[in-house]
Structure formats: C-alpha cells, structure tokens
Amino acid sequence: MKASTRMFAVLALALAVGLATAVSPFASPSPDGLEKVAADEGFIDEGRLHSLQEDSPIPDYAFPGVENERFATGLAGFAGTLAVFAIGSGVAYLVRRRAPASRPAGGAAA
Amino acid sequence: MIGLPIALHIPDGFLSPGVAALCGILAAAAVAYGLRRAGVELDEARVPLLGVLAAFIFAAQMLNFPIAGGTSGHFLGATLAAVLLGPWLACLVMGVVLAVQAFAFADGGVSALGANILNMGALGALLAGYLVIGAQRVLPRTRLVFLGIVATVSWLAVMAGAAATSAELALSDTIPLATSLPPMLGVHSLIGLGEAVITVAAVSAVLAARPDLVALARLEPEPHGAPPAAAEGRI
C-alpha cells in the first residue's frame with residue numbers, strides 16, 4: 001500500500017495544519033530553554049524587536065484583532081503553516097531540477 | 001505569552017553585531033548551497049514535499065512541551081529535515097521556516113536570523129545528516145538500528161545548537177560561557193529527548209508510508225520488518 005506522492009503530501013500538510021491550528025493553543029506557555037536561562041541570568045532585557053518587526057503581520061503568534069487568546073494562536077498557526085508551505089514550495093519550485101531526462105548517478109545526498 | 005517573543009530563538013540585542021554578521025554569512029552560505037543542491041537533487045514531483053516538510057516543522061515548533069522546572073521546549077526539526085531530504089536541503093528548509101518566523105511572527109531577531117538558522121538549522125542538519133550517513137556505513141542496516149541512529153543524532157543536534165548559542169552569547173560578551181553553558185545544556189538535554197521522540201515518530205511514519213522519501217535511509221531488505229506491514233499484514 002504505497003501512497004502516491006500527492007496523497008502523502010496532502011495528508012502530511014493536513015496533519016501540520018491540524019497540529020498548528022488545534023493543538024498549538026494548548027501548548028505549554030512556560031518560558032523555553034533560552035528564555036529561561038536568559039531570565040535566570042539577567043540578560044533577557046537586552047532582547048528587543050528589530051525595526052523590521054515593528055509591524056509583523058502576526059506578532060508573537062497571536063492573530064491580530066482576535067480577542068480569545070487560544071483562538072488567536074490557532075488562527076496564527078493555521079495561517080503560518082499555510083504560508084510556510086506556500087513559501088517553501090515556491091522556493092523549491094524555483095530551484096527544482098529541470099531536466100527530467102538525464103538522472104545523475106547518486107540521487108540523494110551523500 | 002505576552003511580551004518579547006523568545007523561543008529557542010535568539011532575539012536581536014543578545015548578540016554583538018560582529019557575531020551576528022559572522023553567523024549571518026555562515027548561514028547564508030549554508031542556505032545558498034542548499035539552494036544549489038536542490039537544483040540537482042529535487043525533482044518536480046518532490047517540490048511540494050519540501051513545502052510540506054517546512055510547514056510540518058513550523059507547526060511542530062509551535063507545540064511547546066513542558067519540561068522540568070517551569071520550562072518548556074519545542075521541536076526543532078533539523079534532524080528530521082536532514083533525514084528526509086539530506087543535510088543541505090535541510091538547511092534550505094530550516095532557513096525558510098526561521099525566516100518566516102522572524103519576519104511574519106517576530107519570533108527570533110532579524111539581525112540574529114543567521115545565528116538562529118545556524119543553531120536550530122544548519123549545524124544540526126549537517127551534524128545529524130553526516131552522522132547518519134557515516135553510522136550506516138559501519139552499523140547493521142536494519143530499520144531498528146536506523147531509528148536508533150536517528151534518535152541519537154536528534155538529541156546531539158539539539159545539544160550542538162544549545163552549545164553554539166552559548167558560544168555566540170559568550171563571544172558577544174552577553175554572558176560568559178561558564179555561566180550559560182551548564183544550564184543551556186541541562187535544559188536542552190531534556191528538550192533533545194522530545195526532539196528524538198518526535199523525529200523518530202515522524203521518520204517511522206514516512207518509512208512505513210513511503211520509504212523512498214527518506215533520503216538518508218540505506219536499509220537492506222530484511223526477512224521480516226523492513227517493508228513494513230505489507231508482508232505480514234499485521235495489525
């Protein structure tokens with residue numbers, strides 16, 4: 001039972017969107033590794049936003065204009081996952097191998 | 001979750017301009033070489049797979065799991081990307097994920113983007129990828145051994161990223177290495193376990209569905225086990 005590449009991609013993308021939308025709102029809100037060490041060692045306040053990030057579309061994984069925190073996170077995850085898929089596929093499409101004829105010997109990285 | 005968004009991602013202000021620039025050059029080189037390799041290795045049929053993998057890693061990175069002491073950690077994904085697409089394409093995938101996080105989500109700095117691509121992407125992908133390739137030359141090529149290798153290098157990749165982060169912070173005179181390295185490695189030794197579990201689960205799933213999509217797997221057909229389920233029709 002070998003899934004077609006298209007089917008495999010669709011299922012995997014659905015899983016990613018599902019996780020980002022439905023599970024991320026319930027992720028642990030505790031500070032993570034670097035954040036914790038930065039807070040404990042007193043250099044967390046040196047962090048700041050870059051001027052290019054002042055008007056990020058979805059700052060801090062909270063979809064703007066949505067009051068409910070969990071809903072805002074889920075919506076951010078939904079939008080972000082699809083955006084990453086689109087950009088990743090777009091980049092891959094632009095740089096893909098074009099000549100389908102002559103297959104190089106190796107194939108995968110080695 | 002309100003306040004400055006820091007995940008494992010370094011925000012701007014933690015690194016000196018020199019360190020940030022050096023990391024930026026190294027990361028740009030890794031991603032650029034990844035782009036070049038994609039032009040050789042990535043056929044048309046697998047174009048959407050690169051996007052799907054980037055999307056999956058982005059999604060999984062949102063799922064912070066609690067670890068000891070009021071701290072959380074999250075999946076990084078460099079090893080998963082390296083095992084599925086090879087080490088250099090993995091650098092490209094991680095570059096896409098981290099760039100979107102920095103620009104669209106203000107997660108991780110802009111001048112620190114290179115450092116973040118190195119720490120969470122390139123270093124881990126190259127270390128894990130080449131260790132997997134090397135280990136399979138000397139170890140039995142069974143599915144179980146392969147997954148054991150993947151688990152080990154997943155953990156190592158996270159530890160390498162944590163150590164690199166500490167080194168960059170020390171070179172930036174933000175915090176001495178002796179102060180940051182022990183807690184960074186301590187916390188990330190646990191985060192690395194989560195990384196190993198998720199990576200092995202994901203690689204197992206792909207091996208079961210489409211073993212040909214696991215670029216680094218060099219498995220020999222086994223009497224039982226390798227071409228999963230189909231032979232015995234179990235469960």
# chains A, B, ... in the order shown; residues from 1 in each chain; ligands from 1
>>> closest_atom_pairs(of="chain B", to="chain A", cutoff="6 Å", atoms="only C-alpha atoms", output="Markdown table")
| residue | atom | partner | partner_atom | distance |
| --- | --- | --- | --- | --- |
| B:Pro5 | CA | A:Asp60 | CA | 5.5 |
| B:Ala7 | CA | A:Asp32 | CA | 5.9 |
| B:Leu8 | CA | A:Leu34 | CA | 5.2 |
| B:Pro11 | CA | A:Gly47 | CA | 5.5 |
| B:Asp12 | CA | A:Arg48 | CA | 5.5 |
| B:Gly13 | CA | A:Gly47 | CA | 4.7 |
| B:Phe14 | CA | A:Gly47 | CA | 5.8 |
| B:Ala38 | CA | A:Arg96 | CA | 5.9 |
| B:Gly39 | CA | A:Arg97 | CA | 4.5 |
| B:Val40 | CA | A:Arg97 | CA | 5.3 |
| B:Leu42 | CA | A:Arg96 | CA | 5.3 |
| B:Asp43 | CA | A:Arg97 | CA | 5.2 |
| B:Val47 | CA | A:Ala92 | CA | 5.4 |
| B:Pro48 | CA | A:Ser89 | CA | 5.2 |
| B:Leu49 | CA | A:Ala9 | CA | 5.9 |
| B:Gly51 | CA | A:Gly88 | CA | 4.1 |
| B:Val52 | CA | A:Leu13 | CA | 5.5 |
| B:Ala55 | CA | A:Phe85 | CA | 4.9 |
| B:Phe56 | CA | A:Ala16 | CA | 4.6 |
| B:Ala59 | CA | A:Ala20 | CA | 4.7 |
| B:Met62 | CA | A:Ser24 | CA | 5.7 |
| B:Leu63 | CA | A:Ala27 | CA | 5.0 |
| B:Asn64 | CA | A:Ala27 | CA | 5.0 |
| B:Phe65 | CA | A:Ser28 | CA | 5.3 |
| B:Pro66 | CA | A:Ser28 | CA | 5.6 |
| B:Gly70 | CA | A:Ser30 | CA | 5.9 |
| B:Thr71 | CA | A:Asp32 | CA | 5.2 |
| B:Ser72 | CA | A:Asp32 | CA | 4.3 |
| B:Gly73 | CA | A:Asp32 | CA | 5.0 |
| B:Gly86 | CA | A:Ala109 | CA | 5.1 |
| B:Ala104 | CA | A:Ser56 | CA | 5.1 |
| B:Phe105 | CA | A:Pro59 | CA | 4.6 |
| B:Ala106 | CA | A:Pro59 | CA | 5.3 |
| B:Val187 | CA | A:Gly33 | CA | 5.8 |
| B:Ala215 | CA | A:Ala108 | CA | 5.6 |
>>> select_by_dssp(residues="region 60-208 of chain B", states="helix (DSSP H, G or I)", output="ChimeraX atom specification")
/B:60-61,78-85,87-105,113-138,143-171,177-208
>>> atom_distance(atom1="CA of Val97 (chain B)", atom2="CA of Gln136 (chain B)")
28.5 Å
>>> atom_distance(atom1="CA of Leu85 (chain B)", atom2="CA of Glu195 (chain B)")
17.6 Å
>>> atom_distance(atom1="CA of Ala151 (chain B)", atom2="CA of Thr165 (chain B)")
21.7 Å
>>> residues_around(residues="Ile117 (chain B)", least_positions_apart="3", cutoff="10 Å", atoms="only C-alpha atoms", output="count of residues only")
28
>>> select_by_dssp(residues="region 8-139 of chain B", states="strand (DSSP E)", output="NGL selection string")
:B and (65-67 or 71-73)
>>> write_last_selection(atoms="N, CA and C atoms", output="PDB file, in the first residue's frame")
ATOM      1  N   PHE B  65       6.368  21.841  24.705  1.00  0.00           N
ATOM      2  CA  PHE B  65       6.009  20.838  25.707  1.00  0.00           C
ATOM      3  C   PHE B  65       6.709  21.184  27.018  1.00  0.00           C
ATOM      4  N   PRO B  66       6.041  20.930  28.142  1.00  0.00           N
ATOM      5  CA  PRO B  66       6.651  21.280  29.430  1.00  0.00           C
ATOM      6  C   PRO B  66       7.788  20.332  29.783  1.00  0.00           C
ATOM      7  N   ILE B  67       8.867  20.868  30.306  1.00  0.00           N
ATOM      8  CA  ILE B  67       9.908  20.018  30.868  1.00  0.00           C
ATOM      9  C   ILE B  67      10.122  20.484  32.298  1.00  0.00           C
ATOM     10  N   THR B  71       9.886  25.131  32.780  1.00  0.00           N
ATOM     11  CA  THR B  71      10.481  25.471  31.490  1.00  0.00           C
ATOM     12  C   THR B  71       9.797  24.638  30.420  1.00  0.00           C
ATOM     13  N   SER B  72       9.798  25.153  29.202  1.00  0.00           N
ATOM     14  CA  SER B  72       9.241  24.365  28.112  1.00  0.00           C
ATOM     15  C   SER B  72      10.288  24.236  27.010  1.00  0.00           C
ATOM     16  N   GLY B  73      10.001  23.363  26.106  1.00  0.00           N
ATOM     17  CA  GLY B  73      10.889  23.208  24.961  1.00  0.00           C
ATOM     18  C   GLY B  73      10.037  22.899  23.753  1.00  0.00           C
TER      19      GLY B  73
END
